[in-house]
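Q: File name upload.txt; file contents compact mmCIF, C-alpha atoms; full text below.
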```txt
# COMPACT_ATOMS: atom_id res chain seq x y z
CA MET A 19 103.13 165.31 125.77
CA ALA A 20 106.90 165.38 125.63
CA PHE A 21 106.89 161.61 125.20
CA PHE A 22 104.48 161.80 122.24
CA SER A 23 106.50 164.65 120.74
CA PHE A 24 109.51 162.34 120.82
CA LEU A 25 107.61 159.46 119.19
CA THR A 26 106.26 161.55 116.30
CA PRO A 27 109.58 161.91 114.42
CA VAL A 28 110.32 158.23 115.12
CA PHE A 29 107.02 157.17 113.54
CA VAL A 30 107.64 159.46 110.60
CA ALA A 31 111.09 157.94 110.12
CA ILE A 32 109.70 154.40 110.27
CA ILE A 33 106.97 155.24 107.80
CA CYS A 34 109.48 156.80 105.43
CA VAL A 35 111.67 153.69 105.60
CA LEU A 36 108.68 151.42 104.90
CA ILE A 37 107.58 153.58 101.97
CA GLY A 38 111.11 153.43 100.59
CA VAL A 39 111.21 149.64 100.84
CA ILE A 40 107.80 149.32 99.15
CA LEU A 41 108.75 151.68 96.32
CA LYS A 42 112.03 149.84 95.79
CA LYS A 43 110.17 146.52 95.58
CA ILE A 44 107.64 147.92 93.12
CA LYS A 45 110.44 149.35 90.98
CA HIS A 46 112.27 146.01 90.99
CA GLU A 47 109.14 144.06 90.06
CA THR A 48 108.28 146.53 87.32
CA LYS A 49 111.79 146.33 85.91
CA SER A 50 111.95 142.54 85.97
CA LYS A 51 108.43 142.02 84.64
CA PRO A 52 108.49 141.43 80.86
CA LEU A 53 106.66 143.89 78.67
CA SER A 54 103.17 142.87 77.73
CA ARG A 55 103.13 141.89 74.07
CA PRO A 56 99.70 140.41 73.36
CA TRP A 57 100.65 139.62 69.75
CA VAL A 58 103.37 137.17 70.79
CA ASP A 59 102.48 133.57 70.04
CA GLU A 60 103.61 131.15 72.74
CA ASP A 61 104.24 128.47 70.09
CA LEU A 62 106.65 130.77 68.26
CA LYS A 63 108.84 131.45 71.29
CA ASP A 64 112.26 129.84 71.21
CA GLY A 65 112.27 127.22 73.95
CA THR A 66 116.00 126.49 73.65
CA ASP A 67 116.77 127.96 77.07
CA ASN A 68 113.89 126.23 78.83
CA GLN A 69 115.52 123.41 80.74
CA LEU A 70 113.58 120.19 81.20
CA GLU A 71 112.61 119.20 84.72
CA GLU A 72 115.63 117.68 86.46
CA GLU A 73 113.93 114.38 87.14
CA GLU A 74 112.91 114.08 83.48
CA VAL A 75 116.38 114.46 81.99
CA ASP A 76 118.31 111.31 81.19
CA GLU A 77 121.94 112.36 81.55
CA GLU A 78 123.35 109.00 80.50
CA TRP A 79 121.83 108.69 77.07
CA GLN A 80 120.40 111.18 74.61
CA GLY A 81 119.25 108.71 72.01
CA LEU A 82 122.48 108.86 70.02
CA ASP A 83 124.93 106.00 69.70
CA GLU A 84 128.13 107.04 71.46
CA ASN A 85 130.11 104.63 69.30
CA VAL A 86 128.75 105.77 65.96
CA ALA A 87 131.18 104.96 63.18
CA HIS A 88 133.07 107.76 61.46
CA ILE A 89 133.58 107.21 57.76
CA PRO A 90 135.76 108.90 55.14
CA PHE A 91 134.24 112.02 53.60
CA SER A 92 134.66 113.31 50.08
CA ALA A 93 132.96 116.15 48.24
CA GLU A 94 132.77 117.45 44.71
CA ARG A 95 135.66 119.79 43.94
CA TYR A 96 135.14 122.31 41.15
CA SER A 97 137.51 124.60 39.34
CA GLU A 98 137.37 128.25 40.38
CA ALA A 99 135.63 129.15 37.13
CA GLU A 100 133.01 126.43 37.69
CA MET A 101 132.51 127.52 41.32
CA ILE A 102 131.88 131.09 40.25
CA LYS A 103 129.50 129.98 37.51
CA ARG A 104 127.52 127.64 39.79
CA SER A 105 127.31 130.14 42.65
CA GLN A 106 126.15 132.88 40.25
CA MET A 107 123.51 130.62 38.71
CA PHE A 108 122.22 129.57 42.13
CA TYR A 109 122.04 133.21 43.25
CA GLU A 110 120.12 134.16 40.11
CA LEU A 111 117.70 131.30 40.71
CA LEU A 112 116.99 132.26 44.30
CA ASN A 113 116.90 135.98 43.52
CA LYS A 114 113.77 135.24 41.49
CA ARG A 115 112.05 133.89 44.62
CA ARG A 116 109.11 136.00 45.73
CA SER A 117 106.37 135.67 48.30
CA VAL A 118 103.33 134.83 46.16
CA ARG A 119 99.83 135.12 47.63
CA PHE A 120 97.93 134.23 44.45
CA LEU A 121 98.29 130.51 43.95
CA SER A 122 96.64 128.31 41.35
CA ASP A 123 94.78 125.11 42.17
CA GLU A 124 96.64 123.34 39.36
CA PRO A 125 97.85 119.93 40.64
CA VAL A 126 101.50 119.48 41.57
CA PRO A 127 103.10 116.02 41.36
CA ARG A 128 103.27 114.49 44.83
CA GLU A 129 106.74 113.11 44.10
CA VAL A 130 108.02 116.68 43.79
CA ILE A 131 106.74 117.48 47.28
CA ASP A 132 108.28 114.29 48.64
CA ASN A 133 111.67 115.23 47.20
CA ILE A 134 111.41 118.75 48.60
CA ILE A 135 110.70 117.43 52.10
CA ARG A 136 113.57 114.96 51.76
CA THR A 137 115.79 117.92 50.89
CA ALA A 138 114.61 119.93 53.91
CA GLY A 139 115.38 116.88 56.03
CA THR A 140 119.06 117.10 55.08
CA SER A 141 119.41 120.24 57.23
CA PRO A 142 121.83 120.30 60.15
CA SER A 143 120.41 120.17 63.68
CA GLY A 144 121.64 120.41 67.25
CA ALA A 145 123.28 117.06 68.17
CA HIS A 146 121.61 115.61 65.05
CA THR A 147 118.25 115.42 66.83
CA GLU A 148 116.36 116.42 63.64
CA PRO A 149 113.56 118.14 65.60
CA TRP A 150 111.14 118.74 62.73
CA THR A 151 107.84 117.42 61.47
CA PHE A 152 106.52 118.44 58.04
CA VAL A 153 102.76 117.96 57.79
CA ILE A 154 101.52 117.93 54.18
CA VAL A 155 97.83 118.80 53.82
CA GLN A 156 96.17 118.10 50.47
CA ASP A 157 92.65 117.25 51.67
CA SER A 158 90.20 120.02 50.68
CA TYR A 159 88.19 119.77 53.90
CA LEU A 160 91.28 120.07 56.10
CA LYS A 161 92.63 122.96 54.05
CA HIS A 162 89.35 124.85 54.49
CA LYS A 163 89.29 124.15 58.25
CA ILE A 164 92.84 125.51 58.45
CA ARG A 165 91.72 128.61 56.56
CA GLU A 166 88.80 129.15 58.96
CA ILE A 167 91.09 128.87 62.01
CA VAL A 168 93.75 131.14 60.53
CA GLU A 169 91.37 133.82 59.28
CA GLU A 170 89.49 133.99 62.58
CA GLU A 171 92.72 134.54 64.53
CA GLU A 172 94.28 136.79 61.89
CA GLU A 173 91.31 139.16 61.97
CA ILE A 174 91.85 139.53 65.72
CA ASN A 175 95.58 139.98 65.11
CA TYR A 176 95.04 142.79 62.60
CA LYS A 177 92.35 144.54 64.61
CA ARG A 178 93.65 144.13 68.16
CA ARG A 179 96.90 142.28 68.74
CA MET A 180 99.40 143.56 66.20
CA GLY A 181 99.09 147.29 66.80
CA ASP A 182 98.99 150.24 64.40
CA THR A 183 102.70 150.22 63.52
CA TRP A 184 102.76 146.61 62.38
CA VAL A 185 99.46 146.89 60.48
CA ASN A 186 100.62 150.08 58.75
CA ASP A 187 103.91 148.44 57.77
CA LEU A 188 101.92 145.71 56.02
CA LYS A 189 99.63 148.05 54.09
CA ARG A 190 102.13 148.56 51.27
CA LEU A 191 102.18 144.78 50.78
CA ARG A 192 98.36 144.75 50.56
CA THR A 193 97.98 141.91 53.05
CA ASN A 194 95.04 141.30 55.35
CA TRP A 195 93.40 138.45 57.22
CA ILE A 196 91.76 136.95 54.13
CA LYS A 197 93.84 133.92 53.07
CA GLU A 198 92.28 132.53 49.89
CA TYR A 199 95.48 130.68 49.05
CA LEU A 200 94.86 128.29 51.96
CA ASP A 201 91.98 126.85 49.91
CA THR A 202 93.43 127.13 46.41
CA ALA A 203 97.00 125.89 46.90
CA PRO A 204 97.22 122.16 46.11
CA TYR A 205 99.38 121.62 49.20
CA LEU A 206 99.82 123.24 52.59
CA ILE A 207 103.06 122.43 54.38
CA LEU A 208 102.90 123.00 58.13
CA ILE A 209 106.32 122.88 59.78
CA PHE A 210 106.36 121.92 63.44
CA LYS A 211 109.34 122.15 65.77
CA GLN A 212 109.66 119.30 68.24
CA VAL A 213 110.59 121.10 71.46
CA TYR A 214 111.62 117.80 72.99
CA GLY A 215 111.70 114.13 72.08
CA ARG A 216 111.21 110.88 73.96
CA HIS A 217 113.65 108.17 74.98
CA PRO A 218 112.60 104.53 74.61
CA ASN A 219 112.02 104.57 78.38
CA GLY A 220 109.51 107.42 78.01
CA LYS A 221 111.65 110.16 79.51
CA LYS A 222 111.96 113.48 77.72
CA LYS A 223 114.95 113.95 75.44
CA THR A 224 116.44 117.38 74.93
CA HIS A 225 116.24 118.79 71.41
CA TYR A 226 119.05 121.33 71.39
CA TYR A 227 118.44 124.59 69.52
CA ASN A 228 115.22 123.16 68.11
CA GLU A 229 113.91 126.45 66.75
CA ILE A 230 117.18 127.38 65.06
CA SER A 231 117.47 123.89 63.60
CA VAL A 232 113.94 123.90 62.19
CA SER A 233 114.36 127.46 60.90
CA ILE A 234 117.42 126.35 58.91
CA ALA A 235 115.35 123.47 57.51
CA CYS A 236 112.69 125.98 56.45
CA GLY A 237 115.31 127.94 54.53
CA VAL A 238 116.48 124.80 52.73
CA LEU A 239 112.84 123.96 51.98
CA LEU A 240 112.23 127.40 50.44
CA ALA A 241 115.29 126.97 48.22
CA ALA A 242 114.08 123.52 47.16
CA LEU A 243 110.65 124.91 46.25
CA GLN A 244 112.25 127.60 44.13
CA ASN A 245 114.49 125.05 42.46
CA ALA A 246 111.40 122.99 41.52
CA GLY A 247 109.59 125.99 40.03
CA LEU A 248 107.00 126.26 42.80
CA CYS A 249 105.85 129.28 44.77
CA THR A 250 104.83 129.95 48.35
CA VAL A 251 104.43 132.70 50.93
CA THR A 252 105.97 132.26 54.37
CA THR A 253 103.30 132.63 57.04
CA THR A 254 103.49 132.42 60.83
CA PRO A 255 99.81 132.64 61.81
CA LEU A 256 99.81 134.04 65.33
CA ASN A 257 97.94 132.15 68.05
CA CYS A 258 96.74 129.42 65.67
CA GLY A 259 99.23 126.78 66.77
CA PRO A 260 97.20 124.94 69.42
CA GLN A 261 94.06 124.74 67.25
CA LEU A 262 95.99 123.56 64.20
CA ARG A 263 97.93 121.08 66.30
CA THR A 264 94.64 119.63 67.54
CA LEU A 265 93.10 119.60 64.06
CA LEU A 266 96.08 117.74 62.63
CA LYS A 267 96.38 115.42 65.63
CA ARG A 268 99.95 116.41 66.44
CA PRO A 269 101.45 115.61 69.89
CA ALA A 270 102.00 118.21 72.62
CA ASN A 271 105.76 118.38 72.04
CA GLU A 272 105.24 119.82 68.54
CA LYS A 273 104.77 123.58 68.12
CA LEU A 274 103.80 125.20 64.82
CA LEU A 275 106.64 127.28 63.42
CA MET A 276 105.56 128.05 59.86
CA LEU A 277 102.77 127.43 57.36
CA LEU A 278 103.56 127.34 53.64
CA PRO A 279 100.91 127.18 50.90
CA VAL A 280 102.61 125.59 47.90
CA GLY A 281 101.73 125.59 44.21
CA TYR A 282 102.06 127.35 40.90
CA PRO A 283 101.29 131.08 40.65
CA LYS A 284 98.01 132.15 39.08
CA LYS A 285 98.32 133.61 35.58
CA ASP A 286 97.31 137.05 36.89
CA ALA A 287 99.42 136.84 40.07
CA THR A 288 101.13 140.04 41.21
CA VAL A 289 103.84 140.81 43.76
CA PRO A 290 105.04 144.10 45.28
CA ALA A 291 107.80 145.88 43.38
CA LEU A 292 110.41 145.43 46.09
CA THR A 293 114.20 145.50 45.89
CA ARG A 294 116.77 143.66 47.99
CA LYS A 295 119.67 145.17 49.89
CA PRO A 296 122.92 145.26 47.92
CA LEU A 297 125.84 143.09 48.98
CA GLU A 298 127.68 145.95 50.69
CA ASP A 299 124.71 146.45 53.04
CA ILE A 300 124.50 142.85 54.20
CA MET A 301 128.13 141.64 54.24
CA VAL A 302 131.06 142.71 56.39
CA VAL A 303 134.54 141.50 55.45
CA MET A 304 137.35 141.78 58.01
```
What is this file in C-alpha cells?
A:
Amino acid sequence: MAFFSFLTPVFVAIICVLIGVILKKIKHETKSKPLSRPWVDEDLKDGTDNQLEEEEVDEEWQGLDENVAHIPFSAERYSEAEMIKRSQMFYELLNKRRSVRFLSDEPVPREVIDNIIRTAGTSPSGAHTEPWTFVIVQDSYLKHKIREIVEEEEEINYKRRMGDTWVNDLKRLRTNWIKEYLDTAPYLILIFKQVYGRHPNGKKKTHYYNEISVSIACGVLLAALQNAGLCTVTTTPLNCGPQLRTLLKRPANEKLLMLLPVGYPKKDATVPALTRKPLEDIMVVM
C-alpha cells in the first residue's frame, strides 16, 4: 500500500504535466490559426508574398533585357499658374466621378474603350512586368451569363457570407444582389491580375507586387473613364472568379480583381448624396 501511496502523487504530477503540454499546444494552434472569414475570396487575396516553388524559379532571367537602353527623358514643364490651373481642373473633373448603378444601353464607340485600356496600360508595375489583362465583354449572351453567375453568388454573399455588419453598412447605398447593369451596360471590363507569368522555357516568372500594380492600373482606368464622360461602378464580386475565368477562357495564372460595367448613365439615374473627406482629413504634411 505504501508503494501505491507513493505512486499516486507521481501519476498526478505526470498527468498535470501532460495536460499542461496539451493545453499549451491547443493555445498555440488556436493563436496561429487564421480567423475564419467565409466571405473572403481566394482570388482577391494578395499573392505577392507567396513564393514560387524553388525548382520553378529561374534566377538567371526574369524576362527583362539586362542591357535595355536608357534614353534621355524630358517632360512638359508648366508655369506655376498653369500647374495650379491644370491640377484644379483635373481635381474638379474627378470630383464629379460617382459610382453609377443605372447604366444606359446606348452604344459607346469602341475606339473610346480601346484608348481607355491603352491608358490603363501605361500604369507602373513591379519590375515592369505589366501583370494585367483587361477582358472587354460586349456580347449580350456573355454579359447575361456573367450576370447569372454574379447574382447567384452575390445572393449567397448577402444572405450568408458577408454578415450583418457589412450588409447593414450597404443598406444606405441601396445595393443588393440584383445587378441589372451587367445586362444593360454596353461593355463590361473584367480586370484580371496575372499572379505569375511564363518564361519562353515554360518556367514560371515572378510578377512582383501584382495586385498593387493592377490596382494602380484600375485607378488610372477609372480616371480615363471619367475623362471620356463615361460612368461605372467598381465591383469585386466575391467567389465568382473561378466561374468567370472559366466562362471567359482565361488561364489559371489570372485571378479576377475587379469588374466594371461601363456606359452612359440612364436619364433617371440616381446616386447617394455622399460627401468626401476634406483635405485636412486625408493629408498629413510634415
Q: Suppose you want the space between atom CA of Leu160 of chain A and atom CA of Arg116 of chain A; what is it in Å?
A: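 Computed distance, atom CA of Leu160 of chain A to atom CA of Arg116 of chain A, equals 26.1 Å.
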Q: Go ahead and compute the interatomic distance for atom CA of Ala287 of chain A and atom CA of Arg119 of chain A, in Å to one decimal.
A: 7.8 Å
Q: Rank nothing, just name the residue among A:Pro279, A:Pro269, A:Gly247, A:Pro255 nearest to Lys114 of chain A, using all atoms listed in the file.
A: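 Using all atoms listed in the file, the shortest distance to Lys114 of chain A belongs to A:Gly247.
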Q: Identify which of the residues A:Glu100, A:Lys295, A:Leu200, A:Leu111 lies closest to Tyr159 of chain A, counting all atoms listed in the file when measuring atom-to-atom distances.
A: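 So, comparing all the options, the nearest one is A:Leu200.
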Q: Within 8 Å of (107.6, 119.5, 56.3) (file coordinates; all atoms listed in the file), which protein or nucleic acid residues are there? I'd like them as a list in words.
A: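 Within 8 Å of (107.6, 119.5, 56.3), the protein and nucleic acid residues are Ile135, Ala138, Trp150, Thr151, Phe152, Val153, Ile154, Ile207, Leu208, Ile209 and Phe210 of chain A.
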Q: Give me the box for segment 222-238 of chain A as JSON, namely the centre and edge lengths in Å to one decimal of a box along x, y and z that holds every listed atom plus 3 Å on each side.
A:
```
{"center_x": 115.5, "center_y": 120.7, "center_z": 65.2, "size_x": 13.1, "size_y": 20.5, "size_z": 31.0}
```
Q: Quick one: of A:Pro125, A:Lys273, A:Asp286, A:Leu262, who's nearest to Arg165 of chain A, counting all atoms listed in the file?
A: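 Smallest separation from Arg165 of chain A among the options: A:Leu262.
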Q: Would you mind telling me which residue in A:Ile102, A:Ile131, A:Leu265, A:Ile164 lies nearest to Leu239 of chain A when using all atoms listed in the file?
A: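 Ranking A:Ile102, A:Ile131, A:Leu265, A:Ile164 by distance to Leu239 of chain A, first place goes to A:Ile131.
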Q: Separation of atom CA of His162 of chain A and atom CA of Asp123 of chain A, in Å?
A: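 Value for the atom CA of His162 of chain A-atom CA of Asp123 of chain A distance: 13.5 Å.
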Q: Could you list, as a tab-separated table (two decimals) with C-alpha atoms, keeping the file's coordinate frame, every residue within 7 Å of Leu112 of chain A, counting only C-alpha atoms and ignoring same-chain residues fewer than 4 positions away?
A:
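Generated output (selection-v8.tsv):
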```tsv
chain	number	residue	atom	x	y	z
A	108	PHE	CA	122.22	129.57	42.13
A	241	ALA	CA	115.29	126.97	48.22
A	244	GLN	CA	112.25	127.60	44.13
```
Q: Identify which of the residues A:Met301, A:Met107, A:Leu121, A:Leu243 lies closest to Lys285 of chain A, counting only C-alpha atoms when measuring atom-to-atom distances.
A: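 Smallest separation from Lys285 of chain A among the options: A:Leu121.
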Q: From the options A:Pro260, A:Pro296, A:Gly144, A:Gly237, which residue's atoms come nearest to Thr224 of chain A, counting only C-alpha atoms?
A: A:Gly144
Q: Show me, as a PDB file with C-alpha atoms, in the frame of the given file, the residues that have an atom within 12 Å of Gln261 of chain A when counting all atoms listed in the file, minus same-chain residues fewer than 2 positions from it.
A:
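That gives us around-v6.pdb:
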```
ATOM      1  CA  ASP A  61     104.240 128.470  70.090  1.00  0.00           C
ATOM      2  CA  LYS A 163      89.290 124.150  58.250  1.00  0.00           C
ATOM      3  CA  ILE A 164      92.840 125.510  58.450  1.00  0.00           C
ATOM      4  CA  ARG A 165      91.720 128.610  56.560  1.00  0.00           C
ATOM      5  CA  GLU A 166      88.800 129.150  58.960  1.00  0.00           C
ATOM      6  CA  ILE A 167      91.090 128.870  62.010  1.00  0.00           C
ATOM      7  CA  VAL A 168      93.750 131.140  60.530  1.00  0.00           C
ATOM      8  CA  GLU A 170      89.490 133.990  62.580  1.00  0.00           C
ATOM      9  CA  GLU A 171      92.720 134.540  64.530  1.00  0.00           C
ATOM     10  CA  PRO A 255      99.810 132.640  61.810  1.00  0.00           C
ATOM     11  CA  LEU A 256      99.810 134.040  65.330  1.00  0.00           C
ATOM     12  CA  ASN A 257      97.940 132.150  68.050  1.00  0.00           C
ATOM     13  CA  CYS A 258      96.740 129.420  65.670  1.00  0.00           C
ATOM     14  CA  GLY A 259      99.230 126.780  66.770  1.00  0.00           C
ATOM     15  CA  ARG A 263      97.930 121.080  66.300  1.00  0.00           C
ATOM     16  CA  THR A 264      94.640 119.630  67.540  1.00  0.00           C
ATOM     17  CA  LEU A 265      93.100 119.600  64.060  1.00  0.00           C
ATOM     18  CA  LEU A 266      96.080 117.740  62.630  1.00  0.00           C
ATOM     19  CA  LYS A 267      96.380 115.420  65.630  1.00  0.00           C
ATOM     20  CA  ARG A 268      99.950 116.410  66.440  1.00  0.00           C
ATOM     21  CA  ALA A 270     102.000 118.210  72.620  1.00  0.00           C
ATOM     22  CA  LYS A 273     104.770 123.580  68.120  1.00  0.00           C
ATOM     23  CA  LEU A 274     103.800 125.200  64.820  1.00  0.00           C
TER      24      LEU A 274
END
```
